[in-house]
file my_file-v3.cif (mmCIF, C-alpha atoms)
data_start
loop_
_atom_site.group_PDB
_atom_site.id
_atom_site.type_symbol
_atom_site.label_atom_id
_atom_site.label_comp_id
_atom_site.auth_asym_id
_atom_site.auth_seq_id
_atom_site.Cartn_x
_atom_site.Cartn_y
_atom_site.Cartn_z
ATOM 1 C CA MET N 3 179.230 81.158 91.998
ATOM 2 C CA GLU N 4 181.617 78.939 90.079
ATOM 3 C CA GLN N 5 178.955 76.349 89.331
ATOM 4 C CA LYS N 6 177.260 76.299 85.951
ATOM 5 C CA ILE N 7 173.892 78.050 85.945
ATOM 6 C CA ASN N 8 171.030 76.332 84.093
ATOM 7 C CA PHE N 9 168.333 78.691 82.945
ATOM 8 C CA ILE N 10 164.779 77.434 83.364
ATOM 9 C CA ASP N 11 163.606 78.511 79.913
ATOM 10 C CA LEU N 12 166.454 76.614 78.223
ATOM 11 C CA ASN N 13 165.669 73.472 80.207
ATOM 12 C CA LEU N 14 161.968 73.755 79.328
ATOM 13 C CA ASN N 15 162.842 74.154 75.637
ATOM 14 C CA LYS N 16 164.966 71.005 75.776
ATOM 15 C CA VAL N 17 162.120 69.037 77.356
ATOM 16 C CA VAL N 18 159.657 70.295 74.740
ATOM 17 C CA ASP N 19 162.089 69.516 71.917
ATOM 18 C CA GLU N 20 162.580 65.967 73.213
ATOM 19 C CA GLN N 21 158.823 65.450 73.480
ATOM 20 C CA VAL N 22 158.303 66.739 69.920
ATOM 21 C CA LYS N 23 161.011 64.378 68.668
ATOM 22 C CA LYS N 24 159.412 61.386 70.432
ATOM 23 C CA ASN N 25 155.954 62.297 69.143
ATOM 24 C CA ARG N 26 157.277 62.536 65.580
ATOM 25 C CA GLU N 27 158.855 59.085 65.862
ATOM 26 C CA ILE N 28 155.565 57.654 67.115
ATOM 27 C CA LEU N 29 153.631 59.428 64.372
ATOM 28 C CA LYS N 30 156.069 58.086 61.790
ATOM 29 C CA LEU N 31 155.313 54.517 62.903
ATOM 30 C CA ILE N 32 151.588 55.161 62.706
ATOM 31 C CA VAL N 33 151.865 56.686 59.220
ATOM 32 C CA LEU N 34 154.001 53.763 58.011
ATOM 33 C CA ALA N 35 151.368 51.331 59.338
ATOM 34 C CA ILE N 36 148.601 53.295 57.579
ATOM 35 C CA ILE N 37 150.555 53.303 54.306
ATOM 36 C CA MET N 38 151.200 49.559 54.618
ATOM 37 C CA CYS N 39 147.479 48.931 55.180
ATOM 38 C CA GLY N 40 146.691 51.070 52.143
ATOM 39 C CA LYS N 41 149.165 49.241 49.908
ATOM 40 C CA GLN N 42 147.782 45.883 50.994
ATOM 41 C CA ASN N 43 144.112 46.965 50.789
ATOM 42 C CA ILE N 44 143.633 46.249 54.473
ATOM 43 C CA PRO N 45 140.894 48.237 56.257
ATOM 44 C CA LEU N 46 142.112 50.204 59.261
ATOM 45 C CA ARG N 47 139.160 49.978 61.597
ATOM 46 C CA GLY N 48 137.393 47.189 63.402
ATOM 47 C CA HIS N 49 134.062 46.868 65.132
ATOM 48 C CA ARG N 50 134.835 49.450 67.796
ATOM 49 C CA ASP N 51 136.873 52.603 67.129
ATOM 50 C CA ASP N 52 136.825 54.109 70.600
ATOM 51 C CA SER N 53 140.093 54.207 72.537
ATOM 52 C CA PHE N 54 138.271 52.566 75.446
ATOM 53 C CA TYR N 55 138.233 49.306 73.450
ATOM 54 C CA TYR N 56 141.883 49.312 72.306
ATOM 55 C CA GLU N 57 143.089 47.269 75.255
ATOM 56 C CA ASN N 58 140.076 44.949 75.383
ATOM 57 C CA GLU N 59 141.102 41.524 74.079
ATOM 58 C CA ASN N 60 137.495 40.533 73.254
ATOM 59 C CA SER N 61 136.722 43.452 70.935
ATOM 60 C CA ASN N 62 137.952 43.939 67.383
ATOM 61 C CA SER N 63 139.691 47.303 67.615
ATOM 62 C CA GLY N 64 140.833 47.146 63.991
ATOM 63 C CA ASN N 65 143.814 46.224 61.873
ATOM 64 C CA LEU N 66 145.740 49.434 62.512
ATOM 65 C CA GLN N 67 145.484 49.007 66.277
ATOM 66 C CA SER N 68 146.494 45.341 65.972
ATOM 67 C CA ILE N 69 149.504 46.198 63.811
ATOM 68 C CA LEU N 70 150.618 48.912 66.221
ATOM 69 C CA LYS N 71 150.143 46.531 69.162
ATOM 70 C CA LEU N 72 152.245 43.919 67.343
ATOM 71 C CA ILE N 73 154.978 46.485 66.672
ATOM 72 C CA SER N 74 154.808 47.487 70.321
ATOM 73 C CA ASP N 75 155.070 43.879 71.508
ATOM 74 C CA CYS N 76 157.996 43.109 69.201
ATOM 75 C CA ALA N 77 159.881 46.381 69.539
ATOM 76 C CA GLU N 78 163.105 46.397 71.455
ATOM 77 C CA ASN N 79 163.068 50.118 72.065
ATOM 78 C CA ASN N 80 160.765 51.440 74.714
ATOM 79 C CA LEU N 81 159.483 54.309 72.568
ATOM 80 C CA VAL N 82 156.896 52.205 70.759
ATOM 81 C CA ASN N 83 155.759 50.581 73.983
ATOM 82 C CA ARG N 84 155.084 54.010 75.433
ATOM 83 C CA ARG N 85 152.729 54.746 72.532
ATOM 84 C CA ILE N 86 150.340 52.139 73.828
ATOM 85 C CA ALA N 87 150.725 53.524 77.348
ATOM 86 C CA THR N 88 150.162 57.178 76.405
ATOM 87 C CA PRO N 89 147.188 59.019 77.861
ATOM 88 C CA LYS N 90 143.891 58.473 76.060
ATOM 89 C CA ASN N 91 143.941 61.991 74.648
ATOM 90 C CA SER N 92 147.271 61.461 72.839
ATOM 91 C CA THR N 93 147.113 58.034 71.219
ATOM 92 C CA TYR N 94 147.230 59.606 67.725
ATOM 93 C CA CYS N 95 144.989 56.779 66.548
ATOM 94 C CA SER N 96 141.464 58.108 66.869
ATOM 95 C CA LYS N 97 139.266 57.757 63.814
ATOM 96 C CA THR N 98 139.504 61.521 63.238
ATOM 97 C CA ILE N 99 143.312 61.482 63.285
ATOM 98 C CA GLN N 100 143.335 58.356 61.095
ATOM 99 C CA ASN N 101 141.178 60.168 58.538
ATOM 100 C CA GLU N 102 143.453 63.211 58.648
ATOM 101 C CA LEU N 103 146.550 61.053 58.172
ATOM 102 C CA ILE N 104 144.903 59.177 55.303
ATOM 103 C CA ASN N 105 144.014 62.479 53.623
ATOM 104 C CA ILE N 106 147.559 63.799 54.098
ATOM 105 C CA CYS N 107 149.015 60.583 52.617
ATOM 106 C CA ASN N 108 146.531 60.854 49.740
ATOM 107 C CA ASP N 109 147.556 64.449 49.015
ATOM 108 C CA ILE N 110 151.256 63.519 48.990
ATOM 109 C CA ILE N 111 150.714 60.475 46.761
ATOM 110 C CA VAL N 112 148.485 62.386 44.323
ATOM 111 C CA SER N 113 151.006 65.227 44.073
ATOM 112 C CA LYS N 114 153.798 62.733 43.320
ATOM 113 C CA LEU N 115 151.654 61.021 40.704
ATOM 114 C CA LYS N 116 150.762 64.366 39.133
ATOM 115 C CA TYR N 117 154.453 65.201 38.956
ATOM 116 C CA GLU N 118 155.168 61.874 37.210
ATOM 117 C CA VAL N 119 152.383 62.465 34.683
ATOM 118 C CA LYS N 120 153.448 66.069 34.017
ATOM 119 C CA LYS N 121 157.007 64.872 33.469
ATOM 120 C CA ALA N 122 155.859 62.294 30.891
ATOM 121 C CA LYS N 123 155.995 63.140 27.203
ATOM 122 C CA PHE N 124 152.867 61.129 26.382
ATOM 123 C CA PHE N 125 149.796 60.499 28.491
ATOM 124 C CA SER N 126 146.121 59.695 28.169
ATOM 125 C CA ILE N 127 143.095 59.725 30.432
ATOM 126 C CA LEU N 128 140.859 56.676 30.708
ATOM 127 C CA ALA N 129 137.390 57.298 32.090
ATOM 128 C CA ASP N 130 134.203 55.273 32.120
ATOM 129 C CA GLU N 131 130.851 55.679 33.812
ATOM 130 C CA ALA N 132 129.633 52.996 36.172
ATOM 131 C CA SER N 133 126.788 52.745 38.664
ATOM 132 C CA ASP N 134 127.358 51.490 42.170
ATOM 133 C CA VAL N 135 124.941 49.472 44.323
ATOM 134 C CA SER N 136 122.920 52.569 45.229
ATOM 135 C CA ASN N 137 122.533 53.447 41.507
ATOM 136 C CA MET N 138 124.788 56.471 41.890
ATOM 137 C CA GLU N 139 126.755 57.099 38.732
ATOM 138 C CA GLN N 140 130.505 57.336 39.238
ATOM 139 C CA MET N 141 133.477 57.814 36.951
ATOM 140 C CA PRO N 142 136.726 55.947 37.627
ATOM 141 C CA LEU N 143 139.709 57.984 36.471
ATOM 142 C CA VAL N 144 142.865 56.238 35.236
ATOM 143 C CA LEU N 145 145.913 57.960 33.793
ATOM 144 C CA ARG N 146 148.159 56.142 31.352
ATOM 145 C CA PHE N 147 151.566 57.579 30.523
ATOM 146 C CA VAL N 148 155.045 56.684 29.336
ATOM 147 C CA ASN N 149 157.685 57.086 32.054
ATOM 148 C CA ASP N 150 161.392 57.936 31.729
ATOM 149 C CA ASN N 151 162.278 54.272 31.063
ATOM 150 C CA CYS N 152 159.839 54.165 28.102
ATOM 151 C CA GLU N 153 157.483 51.904 30.063
ATOM 152 C CA ILE N 154 153.720 52.314 29.908
ATOM 153 C CA CYS N 155 152.303 53.031 33.359
ATOM 154 C CA GLU N 156 148.668 53.100 34.430
ATOM 155 C CA LEU N 157 147.680 54.888 37.610
ATOM 156 C CA PHE N 158 144.262 54.724 39.205
ATOM 157 C CA PHE N 159 143.557 58.264 40.359
ATOM 158 C CA GLY N 160 140.202 57.774 41.999
ATOM 159 C CA ILE N 161 136.461 57.569 41.573
ATOM 160 C CA ILE N 162 134.592 60.778 40.932
ATOM 161 C CA PRO N 163 130.800 61.033 41.399
ATOM 162 C CA CYS N 164 129.278 61.995 38.037
ATOM 163 C CA ASP N 165 127.252 64.762 39.704
ATOM 164 C CA ALA N 166 130.561 66.439 40.573
ATOM 165 C CA CYS N 167 131.731 65.967 36.967
ATOM 166 C CA LEU N 168 128.652 67.729 35.603
ATOM 167 C CA GLU N 169 129.019 70.619 38.045
ATOM 168 C CA LYS N 170 132.625 71.215 36.934
ATOM 169 C CA LEU N 171 131.581 71.345 33.273
#

call {"tool": "encode", "arguments": {"input": "my_file-v3.cif", "output": "structure tokens"}}
result
Amino acid sequence: MEQKINFIDLNLNKVVDEQVKKNREILKLIVLAIIMCGKQNIPLRGHRDDSFYYENENSNSGNLQSILKLISDCAENNLVNRRIATPKNSTYCSKTIQNELINICNDIIVSKLKYEVKKAKFFSILADEASDVSNMEQMPLVLRFVNDNCEICELFFGIIPCDACLEKL
């Protein structure tokens, strides 16, 4: 009776909390690798996107998988190494999850850029129509503004299909 009593629900909560913390650390590494690939204009995927091919040395599983494997091989902590050894349903690197993470990063970056432009005293919009290889007309959108340090900044915001532009008008 004098021994400390551990309640099962508290122990289960601790285990779940630890797992959530580990998963967030793994996800952080994946997001940092995706952002690095984006900054360097490096494509994420290779010839085969399926998790079955991630461990196959002969297949090109993509730059993201290679970067994560390199981090795993060089990491001193065991957390990153366990990412490679996780079950196939929790690798966090499927093409669907990659697309979701890219879209989330895009939304965050665009909102930060919008904030910078709204904060600026002077800004302008540069737009021009161009046709791509399939003769689809597109409009690149560039914002030019003066930042807090009185420097002129140009930000590429994206390419908008001209059909979408006409529908919005």

call {"tool": "atom_distance", "arguments": {"input": "my_file-v3.cif", "atom1": "CA of Arg146 in chain N", "atom2": "CA of Leu128 in chain N"}}
result
7.3 Å

call {"tool": "closest_residue", "arguments": {"input": "my_file-v3.cif", "among": "N:Val33, N:Leu145, N:Ile162, N:Leu157", "to": "Ile99 in chain N", "atoms": "all atoms listed in the file"}}
result
N:Val33

call {"tool": "residues_near_point", "arguments": {"input": "my_file-v3.cif", "point": "(140.8, 58.9, 36.6)", "cutoff": "8 Å", "atoms": "only C-alpha atoms", "output": "PDB file with C-alpha atoms, in the frame of the given file"}}
result
ATOM      1  CA  ILE N 127     143.095  59.725  30.432  1.00  0.00           C
ATOM      2  CA  LEU N 128     140.859  56.676  30.708  1.00  0.00           C
ATOM      3  CA  ALA N 129     137.390  57.298  32.090  1.00  0.00           C
ATOM      4  CA  MET N 141     133.477  57.814  36.951  1.00  0.00           C
ATOM      5  CA  PRO N 142     136.726  55.947  37.627  1.00  0.00           C
ATOM      6  CA  LEU N 143     139.709  57.984  36.471  1.00  0.00           C
ATOM      7  CA  VAL N 144     142.865  56.238  35.236  1.00  0.00           C
ATOM      8  CA  LEU N 145     145.913  57.960  33.793  1.00  0.00           C
ATOM      9  CA  PHE N 158     144.262  54.724  39.205  1.00  0.00           C
ATOM     10  CA  PHE N 159     143.557  58.264  40.359  1.00  0.00           C
ATOM     11  CA  GLY N 160     140.202  57.774  41.999  1.00  0.00           C
ATOM     12  CA  ILE N 161     136.461  57.569  41.573  1.00  0.00           C
ATOM     13  CA  ILE N 162     134.592  60.778  40.932  1.00  0.00           C
TER      14      ILE N 162
END

call {"tool": "residues_around", "arguments": {"input": "my_file-v3.cif", "residues": "Asn137 in chain N", "least_positions_apart": "4", "cutoff": "12 Å", "atoms": "all atoms listed in the file", "output": "list in words"}}
result
Glu131, Ala132, Ser133, Pro163 and Cys164 of chain N

call {"tool": "atom_distance", "arguments": {"input": "my_file-v3.cif", "atom1": "CA of Asp165 in chain N", "atom2": "CA of Glu139 in chain N"}}
result
7.7 Å

call {"tool": "resolve_selection", "arguments": {"input": "my_file-v3.cif", "expression": "the PyMOL selection byres ((chain N and resi 113-118) around 10)", "output": "PyMOL selection string"}}
result
chain N and resi 107-112+119-122+145+147-150+157-159

call {"tool": "atom_distance", "arguments": {"input": "my_file-v3.cif", "atom1": "CA of Asn62 in chain N", "atom2": "CA of Gly48 in chain N"}}
result
5.2 Å

call {"tool": "residues_around", "arguments": {"input": "my_file-v3.cif", "residues": "Gly40 in chain N", "least_positions_apart": "6", "cutoff": "10 Å", "atoms": "all atoms listed in the file", "output": "count of residues only"}}
result
4

call {"tool": "resolve_selection", "arguments": {"input": "my_file-v3.cif", "expression": "the PyMOL selection byres ((chain N and resi 36) around 10)", "output": "JSON, numbers by chain"}}
result
{"N": [30, 31, 32, 33, 34, 35, 37, 38, 39, 40, 41, 42, 44, 45, 46, 65, 66, 69, 70, 100, 103, 104, 107]}

call {"tool": "write_last_selection", "arguments": {"input": "my_file-v3.cif", "atoms": "C-alpha atoms", "output": "PDB file, in the coordinates of the input"}}
result
ATOM      1  CA  LYS N  30     156.069  58.086  61.790  1.00  0.00           C
ATOM      2  CA  LEU N  31     155.313  54.517  62.903  1.00  0.00           C
ATOM      3  CA  ILE N  32     151.588  55.161  62.706  1.00  0.00           C
ATOM      4  CA  VAL N  33     151.865  56.686  59.220  1.00  0.00           C
ATOM      5  CA  LEU N  34     154.001  53.763  58.011  1.00  0.00           C
ATOM      6  CA  ALA N  35     151.368  51.331  59.338  1.00  0.00           C
ATOM      7  CA  ILE N  37     150.555  53.303  54.306  1.00  0.00           C
ATOM      8  CA  MET N  38     151.200  49.559  54.618  1.00  0.00           C
ATOM      9  CA  CYS N  39     147.479  48.931  55.180  1.00  0.00           C
ATOM     10  CA  GLY N  40     146.691  51.070  52.143  1.00  0.00           C
ATOM     11  CA  LYS N  41     149.165  49.241  49.908  1.00  0.00           C
ATOM     12  CA  GLN N  42     147.782  45.883  50.994  1.00  0.00           C
ATOM     13  CA  ILE N  44     143.633  46.249  54.473  1.00  0.00           C
ATOM     14  CA  PRO N  45     140.894  48.237  56.257  1.00  0.00           C
ATOM     15  CA  LEU N  46     142.112  50.204  59.261  1.00  0.00           C
ATOM     16  CA  ASN N  65     143.814  46.224  61.873  1.00  0.00           C
ATOM     17  CA  LEU N  66     145.740  49.434  62.512  1.00  0.00           C
ATOM     18  CA  ILE N  69     149.504  46.198  63.811  1.00  0.00           C
ATOM     19  CA  LEU N  70     150.618  48.912  66.221  1.00  0.00           C
ATOM     20  CA  GLN N 100     143.335  58.356  61.095  1.00  0.00           C
ATOM     21  CA  LEU N 103     146.550  61.053  58.172  1.00  0.00           C
ATOM     22  CA  ILE N 104     144.903  59.177  55.303  1.00  0.00           C
ATOM     23  CA  CYS N 107     149.015  60.583  52.617  1.00  0.00           C
TER      24      CYS N 107
END

call {"tool": "closest_residue", "arguments": {"input": "my_file-v3.cif", "among": "N:Asn15, N:Phe124, N:Val22, N:Leu29", "to": "Glu153 in chain N", "atoms": "only C-alpha atoms"}}
result
N:Phe124

call {"tool": "axis_aligned_box", "arguments": {"input": "my_file-v3.cif", "around": "range 37-43 of chain N", "padding_each_side": "3 Å", "output": "AutoDock Vina command-line options"}}
result
--center_x 147.7 --center_y 49.6 --center_z 52.5 --size_x 13.1 --size_y 13.4 --size_z 11.3

call {"tool": "decode", "arguments": {"input": "my_file-v3.cif", "residues": "range 9-40 of chain N", "atoms": "N, CA and C atoms", "output": "PDB file, in the first residue's frame"}}
result
ATOM      1  N   PHE N   9      -1.298   5.067 -12.601  1.00  0.00           N
ATOM      2  CA  PHE N   9      -2.560   4.861 -13.289  1.00  0.00           C
ATOM      3  C   PHE N   9      -2.299   4.565 -14.763  1.00  0.00           C
ATOM      4  N   ILE N  10      -3.058   3.660 -15.320  1.00  0.00           N
ATOM      5  CA  ILE N  10      -2.855   3.218 -16.695  1.00  0.00           C
ATOM      6  C   ILE N  10      -3.094   4.360 -17.673  1.00  0.00           C
ATOM      7  N   ASP N  11      -4.144   5.148 -17.459  1.00  0.00           N
ATOM      8  CA  ASP N  11      -4.447   6.216 -18.404  1.00  0.00           C
ATOM      9  C   ASP N  11      -3.356   7.278 -18.439  1.00  0.00           C
ATOM     10  N   LEU N  12      -2.713   7.547 -17.283  1.00  0.00           N
ATOM     11  CA  LEU N  12      -1.616   8.514 -17.278  1.00  0.00           C
ATOM     12  C   LEU N  12      -0.395   7.973 -18.013  1.00  0.00           C
ATOM     13  N   ASN N  13      -0.117   6.691 -17.837  1.00  0.00           N
ATOM     14  CA  ASN N  13       1.002   6.073 -18.550  1.00  0.00           C
ATOM     15  C   ASN N  13       0.755   6.058 -20.051  1.00  0.00           C
ATOM     16  N   LEU N  14      -0.489   5.760 -20.469  1.00  0.00           N
ATOM     17  CA  LEU N  14      -0.806   5.767 -21.895  1.00  0.00           C
ATOM     18  C   LEU N  14      -0.669   7.169 -22.481  1.00  0.00           C
ATOM     19  N   ASN N  15      -1.091   8.185 -21.733  1.00  0.00           N
ATOM     20  CA  ASN N  15      -0.952   9.566 -22.200  1.00  0.00           C
ATOM     21  C   ASN N  15       0.510   9.943 -22.382  1.00  0.00           C
ATOM     22  N   LYS N  16       1.361   9.484 -21.473  1.00  0.00           N
ATOM     23  CA  LYS N  16       2.793   9.782 -21.592  1.00  0.00           C
ATOM     24  C   LYS N  16       3.375   9.132 -22.843  1.00  0.00           C
ATOM     25  N   VAL N  17       2.987   7.902 -23.112  1.00  0.00           N
ATOM     26  CA  VAL N  17       3.481   7.194 -24.294  1.00  0.00           C
ATOM     27  C   VAL N  17       3.017   7.909 -25.561  1.00  0.00           C
ATOM     28  N   VAL N  18       1.757   8.311 -25.595  1.00  0.00           N
ATOM     29  CA  VAL N  18       1.226   9.016 -26.761  1.00  0.00           C
ATOM     30  C   VAL N  18       1.930  10.358 -26.934  1.00  0.00           C
ATOM     31  N   ASP N  19       2.140  11.078 -25.841  1.00  0.00           N
ATOM     32  CA  ASP N  19       2.825  12.366 -25.917  1.00  0.00           C
ATOM     33  C   ASP N  19       4.254  12.224 -26.438  1.00  0.00           C
ATOM     34  N   GLU N  20       4.949  11.180 -25.994  1.00  0.00           N
ATOM     35  CA  GLU N  20       6.311  10.935 -26.485  1.00  0.00           C
ATOM     36  C   GLU N  20       6.308  10.604 -27.975  1.00  0.00           C
ATOM     37  N   GLN N  21       5.342   9.804 -28.402  1.00  0.00           N
ATOM     38  CA  GLN N  21       5.253   9.447 -29.820  1.00  0.00           C
ATOM     39  C   GLN N  21       4.946  10.673 -30.670  1.00  0.00           C
ATOM     40  N   VAL N  22       4.051  11.543 -30.194  1.00  0.00           N
ATOM     41  CA  VAL N  22       3.729  12.775 -30.922  1.00  0.00           C
ATOM     42  C   VAL N  22       4.962  13.656 -31.023  1.00  0.00           C
ATOM     43  N   LYS N  23       5.716  13.750 -29.954  1.00  0.00           N
ATOM     44  CA  LYS N  23       6.943  14.567 -29.956  1.00  0.00           C
ATOM     45  C   LYS N  23       7.956  14.024 -30.962  1.00  0.00           C
ATOM     46  N   LYS N  24       8.147  12.708 -30.987  1.00  0.00           N
ATOM     47  CA  LYS N  24       9.082  12.094 -31.938  1.00  0.00           C
ATOM     48  C   LYS N  24       8.617  12.300 -33.376  1.00  0.00           C
ATOM     49  N   ASN N  25       7.318  12.127 -33.607  1.00  0.00           N
ATOM     50  CA  ASN N  25       6.786  12.315 -34.959  1.00  0.00           C
ATOM     51  C   ASN N  25       6.962  13.750 -35.427  1.00  0.00           C
ATOM     52  N   ARG N  26       6.785  14.710 -34.539  1.00  0.00           N
ATOM     53  CA  ARG N  26       6.975  16.119 -34.902  1.00  0.00           C
ATOM     54  C   ARG N  26       8.432  16.410 -35.252  1.00  0.00           C
ATOM     55  N   GLU N  27       9.357  15.801 -34.526  1.00  0.00           N
ATOM     56  CA  GLU N  27      10.777  15.997 -34.833  1.00  0.00           C
ATOM     57  C   GLU N  27      11.112  15.410 -36.206  1.00  0.00           C
ATOM     58  N   ILE N  28      10.563  14.253 -36.506  1.00  0.00           N
ATOM     59  CA  ILE N  28      10.781  13.633 -37.809  1.00  0.00           C
ATOM     60  C   ILE N  28      10.172  14.498 -38.909  1.00  0.00           C
ATOM     61  N   LEU N  29       8.951  14.951 -38.682  1.00  0.00           N
ATOM     62  CA  LEU N  29       8.268  15.794 -39.660  1.00  0.00           C
ATOM     63  C   LEU N  29       9.014  17.098 -39.886  1.00  0.00           C
ATOM     64  N   LYS N  30       9.605  17.626 -38.832  1.00  0.00           N
ATOM     65  CA  LYS N  30      10.392  18.861 -38.956  1.00  0.00           C
ATOM     66  C   LYS N  30      11.574  18.647 -39.894  1.00  0.00           C
ATOM     67  N   LEU N  31      12.259  17.514 -39.766  1.00  0.00           N
ATOM     68  CA  LEU N  31      13.377  17.208 -40.660  1.00  0.00           C
ATOM     69  C   LEU N  31      12.915  17.082 -42.106  1.00  0.00           C
ATOM     70  N   ILE N  32      11.779  16.453 -42.308  1.00  0.00           N
ATOM     71  CA  ILE N  32      11.256  16.287 -43.657  1.00  0.00           C
ATOM     72  C   ILE N  32      10.892  17.637 -44.257  1.00  0.00           C
ATOM     73  N   VAL N  33      10.229  18.487 -43.470  1.00  0.00           N
ATOM     74  CA  VAL N  33       9.847  19.819 -43.959  1.00  0.00           C
ATOM     75  C   VAL N  33      11.084  20.649 -44.270  1.00  0.00           C
ATOM     76  N   LEU N  34      12.100  20.591 -43.421  1.00  0.00           N
ATOM     77  CA  LEU N  34      13.341  21.334 -43.692  1.00  0.00           C
ATOM     78  C   LEU N  34      13.997  20.849 -44.984  1.00  0.00           C
ATOM     79  N   ALA N  35      13.963  19.539 -45.232  1.00  0.00           N
ATOM     80  CA  ALA N  35      14.529  19.005 -46.479  1.00  0.00           C
ATOM     81  C   ALA N  35      13.710  19.473 -47.682  1.00  0.00           C
ATOM     82  N   ILE N  36      12.396  19.514 -47.547  1.00  0.00           N
ATOM     83  CA  ILE N  36      11.538  19.994 -48.644  1.00  0.00           C
ATOM     84  C   ILE N  36      11.812  21.462 -48.920  1.00  0.00           C
ATOM     85  N   ILE N  37      11.937  22.264 -47.866  1.00  0.00           N
ATOM     86  CA  ILE N  37      12.207  23.698 -48.043  1.00  0.00           C
ATOM     87  C   ILE N  37      13.575  23.899 -48.695  1.00  0.00           C
ATOM     88  N   MET N  38      14.566  23.125 -48.284  1.00  0.00           N
ATOM     89  CA  MET N  38      15.896  23.226 -48.881  1.00  0.00           C
ATOM     90  C   MET N  38      15.838  22.879 -50.361  1.00  0.00           C
ATOM     91  N   CYS N  39      15.104  21.829 -50.713  1.00  0.00           N
ATOM     92  CA  CYS N  39      14.965  21.459 -52.133  1.00  0.00           C
ATOM     93  C   CYS N  39      14.281  22.582 -52.904  1.00  0.00           C
ATOM     94  N   GLY N  40      13.274  23.194 -52.297  1.00  0.00           N
ATOM     95  CA  GLY N  40      12.577  24.296 -52.952  1.00  0.00           C
ATOM     96  C   GLY N  40      13.474  25.500 -53.169  1.00  0.00           C
TER      97      GLY N  40
END
